[in-house]
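Q: Here you go, one structure.
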Amino acid sequence: MVLSFKSWFANEGGKHFVLILWLGANAWLFLRTFLTYSTGQQYYYLYKMLGLGLCISRASASVLNLNCSLVLLPMCRSLLTCLRGTHTLSSRGTRRLLDKSKTFHVACGIAICIFSVVHVSAHLVNVVNFSAFYSEDLPALNLARYLGEDPRMIILTTVPGITGVLLVVILFLMFTASSYCIRLSNYEIFWYTHNLFIVFYIILMVHMVGGALKYQTNVDTHPPGCLRPNQSSPELQGEELEPGNEERRCKEEARFHPHYPQTWMWVSGPLCLYCAERFYRYIRSSDPVTIVTVIRHPSEVIEVRMLKRDFKAHPGQYIVLNCPGVSSFENHPFTLTTCPTEEKETFGVHMRVVGDWTERFTELLLPKTGVELEILPMVQQRRYPKLYVDGPFGSSSQEVFNYEVSLCVAGGIGVTPFACVLHALLDGWKQFRLRRLYFVWVCRELQSFYWFSELLCALHHKLWQENRPDYLNLKLFVSQTEDLQSMSEEKYRPLSSRLSIGRPRWKLLFDEISNANRQKHVGVFCCGPKGISRTLHKLCNSGRYTGVTFEFNKESFS
C-alpha cells in the first residue's frame with residue numbers, strides 16, 4: 001500500500017519526533033558517561049583495575065536514571081487530563097501525543113529492562129576484576145577484602161550487591177507479570193507486582209550508598225601514572241632523573257572518595273509528582289458513590305448508573321472503579337457512557353462480564369434471581385456494595401468534537417467511548433464544531449445492538465426533525481450469521497434499514513468519506529479488536545485518498 005507523506009506525517013510525525021528525541025537523549029547520556037569514565041583522569045586507576053566493565057556499567061546506569069524518571073510521568077493521569085483540557089496551551093497535535101502516553105511508558109519500561117541486563121552484566125565483570133586485580137598499593141580503591149576473594153561474597157556482603165539483587169528480582173517480577181498473557185488471564189498478578197515500584201524506587205535510591213566505585217580526589221598533586229617517591233620507572237633505571245622529569249614524581253599518595261549518590265536527583269522530582277497526584281486522587285475518590293440503577297443487557301453486559309457529589313466529566317473520558325467487596329487494591333478503567341449534565345447529575349458505565357473481577361462485581365450488584373431491571377426508590381433501595389470512583393481521565397475520544405468530520409468505529413463493547421458522544425449530540429449538536437459523524441458499529445451478535453438501540457433511534461429522529469439527516473451516517477454490521485434474526489420492532493426500523501450482514505468494506509467506506517469531504521481533516525477514532533485497528537491505521541496513512549487527511553486516534557487506557 002502506497003503511503004501518503006502528508007497523512008503519515010499527521011499520524012506518525014509527532015510520535016516519531018518524540019521517539020528520536022528520547023533515543024538521542026539515551027545515546028548522548030550513554031556516550032558521554034562512557035567517555036568520562038574511560039578518559040577521565042580521576043578514574044585512571046579505577047579504569048586500569050576494571051577495564052571496559054566500569055565504562056559500560058556507569059553508562060548504562062545513566063540511561064537507567066533517565067528512564068526511571070521518565071517512566072513515571074505517563075502515569076500521572078490527572079496531570080495529562082489537565083493538559084488535555086488546556087486548549088490554549090496544547091494544540092490538537094499535542095493532545096494527540098498524550099494518547100501515546102501508555103506507549104511511552106512501555107518503551108521506558110523496556111529500556112529499563114534492557115539496560116538493567118547490560119548494567120548487571122558489566123557489574124558482574126567488575127566484581128570478578130575487583131577480586132582478581134586486588135591492589136596492594138591502592139587499598140582504598142579495592143572493593144574486595146583480599147586478593148582472590150569469592151565474587152559471590154562481594155555481592156552478598158556489600159550494600160550495592162544486596163540492593164542490586166533485590167532490584168533485579170523486583171524488576172523481573174514486574175516485567176514478566178506485564179506480559180499480555182498474564183494481564184489477560186489474571187489481572188490481579190499484574191496489578192500487585194506493578195505496585196512493587198514503590199519498593200523498587202526506595203531500594204534504587206540507596207543502591208549507591210555503599211560507595212563501591214571511587215574516584216581520585218587529588219589529581220593535581222598526584223597525576224595519574226606518576227612515580228611514587230620509592231618507585232623508579234623501568235625506562236629510567238640506572239639513570240638519574242633530569243630536572244624536567246621531576247614532574248613525574250608524585251607529591252603525595254593518591255586519595256579516593258566514593259561517588260555521591262545521584263539517582264535520587266533524577267527520580268525524586270517525578271516520584272514526588274506522581275506521589276502527589278496519587279494522594280490527590282486518593283482524596284478525590286475517598287467518598288463512595290451512590291449506585292442508582294443497575295441494568296442487565298443482552299450478551300452479558302451490565303449498566304451501572306451512579307451519583308457522586310460535584311462530579312463533572314466530558315464525553316469520551318473514562319473513570320477507574322474500585323470495589324472493596326471484590327478487591328481492595330484492584331482498579332479497573334471503564335469509559336463513561338453517560339455524563340452528568342445540568343438536568344441530570346447521574347453518570348454511568350457499561351461493562352462486559354468477562355473475567356474474575358467483573359463476574360464477582362456483577363454477583364454483588366444483581367441478585368441471582370436474574371432480575372432484568374431494578375430501579376427502586378432511594379428509601380427502599382437494596383444494599384449495593386461500596387464503590388469508589390477515581391477520575392475522570394482524558395482519552396482520545398474527546399477529540400471527536402474537534403473535527404468538522406469524524407469517523408467512529410466500534411467493535412462490540414468498544415462502542416462505550418462513543419455512546420457518551422452520541423448522548424452529547426442528543427442533548428444539542430449545534431454547540432460543537434462537528435458537522436458530520438460517520439458511525440460504524442460491528443458486533444458478532446444482533447442482540448448487542450440493543451445496548452444503545454434506543455439512543456441511536458432517538459438521535460436519528462432528532463436529526464430528522466431538525467432537517468439534518470445527513471449529520472449522522474450510521475452503519476451497523478453483524479458478523480455472525482448463525483441463528484440470525486432481524487430487529488423487527490417498529491421502533492427500531494431506522495436501525496434495521498442500516499444493518500448489514502458481514503464485515504465492513506473499509507476501502508469503500510474511506511472512498512465514500514474522501515469523495516464527500518475534500519480538503520478536510522477527518523478524525524478517525526477506533527475502539528475495538530486489533531485487526532480492525534491495524535486496518536484503519538494503514539488506510540489512514542494510505543496515499544490513495546488525495547485532498548483528505550485522515551488522522552487516526554485509537555482508544556487506549558493508561
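We name chains A, B, ... following the order of the C-alpha cells; residues begin at 1 in each chain, and ligands are numbered from 1 as shown.
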Need to verify the contact set: A:Cys272, 12 Å, only C-alpha atoms, exclusion of same-chain residues closer than 5 positions in sequence. Can you return it as an MDAnalysis selection string?
A: chainID A and resid 69 72:73 76 198 201 264:267 277:279
Q: If you count only C-alpha atoms, which residues fall within 6 Å of stretch 403-416 of chain A, apart from same-chain ones fewer than 6 positions away, as JSON, numbers by chain?
A: {"A": [337, 433, 434, 435, 436, 437, 438, 439, 440, 441, 442, 443, 522, 523, 524, 525, 526, 527, 528]}
Q: From the DSSP assignment of the backbone, select every residue of stretch 35-227 of chain A that is strand (DSSP E or B), and format the answer as a PyMOL selection string.
A: chain A and resi 214-216+227
Q: Extract, using only C-alpha atoms, all DNA, RNA and protein residues at most 12 Å from A:Val18, discarding same-chain residues fewer than 3 positions from it, and format them as an NGL selection string.
A: :A and (12-15 or 21-25 or 94 or 97-98 or 100-101 or 103-104 or 107)
Q: Using only C-alpha atoms, find the one residue out of A:Ala132, A:Leu459, A:Leu366, A:Leu273 that sits nearest to A:Arg77.
A: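 Using only C-alpha atoms, A:Arg77 sits closest to A:Leu273.
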Q: Using only C-alpha atoms, pick whichever of A:Ile501, A:Leu54, A:Ala59, A:Val120 has the shortest atom-to-atom distance to A:Trp28.
A: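 Closest to A:Trp28, using only C-alpha atoms: A:Ala59.
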Q: In Å, with one decimal, what is the gap from atom CA of A:Ser396 to atom CA of A:Asn553?
A: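 According to the coordinates, atom CA of A:Ser396 and atom CA of A:Asn553 are separated by 6.2 Å.
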Q: Running DSSP on the backbone, which parts of stretch 380-500 of chain A land in helix (DSSP H, G or I), as a ChimeraX atom specification?
A: /A:396-402,412-431,446-451,453-465,490-496
Q: Hey, which of A:Tyr318, A:Phe197, A:Tyr260, A:Tyr282 ends up closest to A:Ser397? Count only C-alpha atoms.
A: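 Of A:Tyr318, A:Phe197, A:Tyr260, A:Tyr282, the one nearest A:Ser397, counting only C-alpha atoms, is A:Tyr318.
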Q: Would you please work out which residue, of A:Thr338, A:Thr163, A:Asn129, A:Thr176, is nearest to A:Gly148 when using only C-alpha atoms?
A: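 Of A:Thr338, A:Thr163, A:Asn129, A:Thr176, the one nearest A:Gly148 is A:Asn129, counting only C-alpha atoms.
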Q: Of the candidates A:Arg152, A:Thr290, A:Gln42, A:Phe347, which one gets nearest to A:Phe256 if we count only C-alpha atoms?
A: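 Checking each of A:Arg152, A:Thr290, A:Gln42, A:Phe347 against A:Phe256, counting only C-alpha atoms, the winner is A:Gln42.
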Q: In Å, rounded to a single decimal, give me how far atom CA of A:Ser395 is from atom CA of A:Arg505.
A: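 One can read the atom CA of A:Arg505 to atom CA of A:Ser395 distance as 27.1 Å.
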Q: Near A:Ser62, within 7 Å and counting only C-alpha atoms, which residues show up once chain neighbours fewer than 4 positions away are dropped, as a compact mmCIF listing (two decimals) with N, CA, C and O atoms, in the first residue's frame?
A:
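In the end it all went to result.txt:
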```
# COMPACT_ATOMS: atom_id res chain seq x y z
N LEU A 29 23.58 10.38 26.65
CA LEU A 29 23.95 10.08 28.04
C LEU A 29 24.91 8.90 28.11
O LEU A 29 25.90 8.93 28.85
N PHE A 30 24.61 7.86 27.34
CA PHE A 30 25.45 6.65 27.36
C PHE A 30 26.87 6.99 26.89
O PHE A 30 27.86 6.64 27.54
N ARG A 58 28.67 2.20 34.22
CA ARG A 58 28.27 3.57 34.55
C ARG A 58 27.45 4.20 33.43
O ARG A 58 26.53 4.98 33.69
N LEU A 66 17.77 8.09 33.70
CA LEU A 66 16.86 8.87 32.84
C LEU A 66 15.51 8.19 32.68
O LEU A 66 14.46 8.82 32.86
```
Q: With a distance cut-off of 12 Å and only C-alpha atoms, select the neighbouring residues of A:Tyr492, excluding the residue or stretch itself and same-chain residues fewer than 3 positions from it, and output the selection as a list in words.
A: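 Once the nearby chain positions are removed, what remains is Phe449, Tyr450, Phe452, Ser453, Glu454, Leu455, Leu456, Cys457, Ala458, His460, His461, Ser486, Met487, Ser488, Glu489, Leu495, Ser496, Ser497, Arg498 and Leu499 of chain A.
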Q: For a quick check of understanding, using only C-alpha atoms, which of A:Asn26, A:Gln447, A:Ser38, A:Ser57 has the smallest distance to A:His123?
A: A:Ser57
Q: Can you list, as a compact mmCIF listing (two decimals) with N, CA and C atoms, in the first residue's frame, every protein, DNA or RNA residue that comes within 6 Å of A:Val353 when you count only C-alpha atoms, leaving out same-chain residues fewer than 6 positions away?
A:
```
# COMPACT_ATOMS: atom_id res chain seq x y z
N GLU A 300 -24.37 -10.54 28.05
CA GLU A 300 -23.53 -10.44 29.25
C GLU A 300 -22.94 -9.04 29.44
N VAL A 301 -23.77 -8.04 29.38
CA VAL A 301 -23.37 -6.66 29.62
C VAL A 301 -24.27 -6.07 30.68
N GLU A 359 -17.14 -10.57 37.00
CA GLU A 359 -18.08 -11.60 37.41
C GLU A 359 -18.46 -11.44 38.89
```
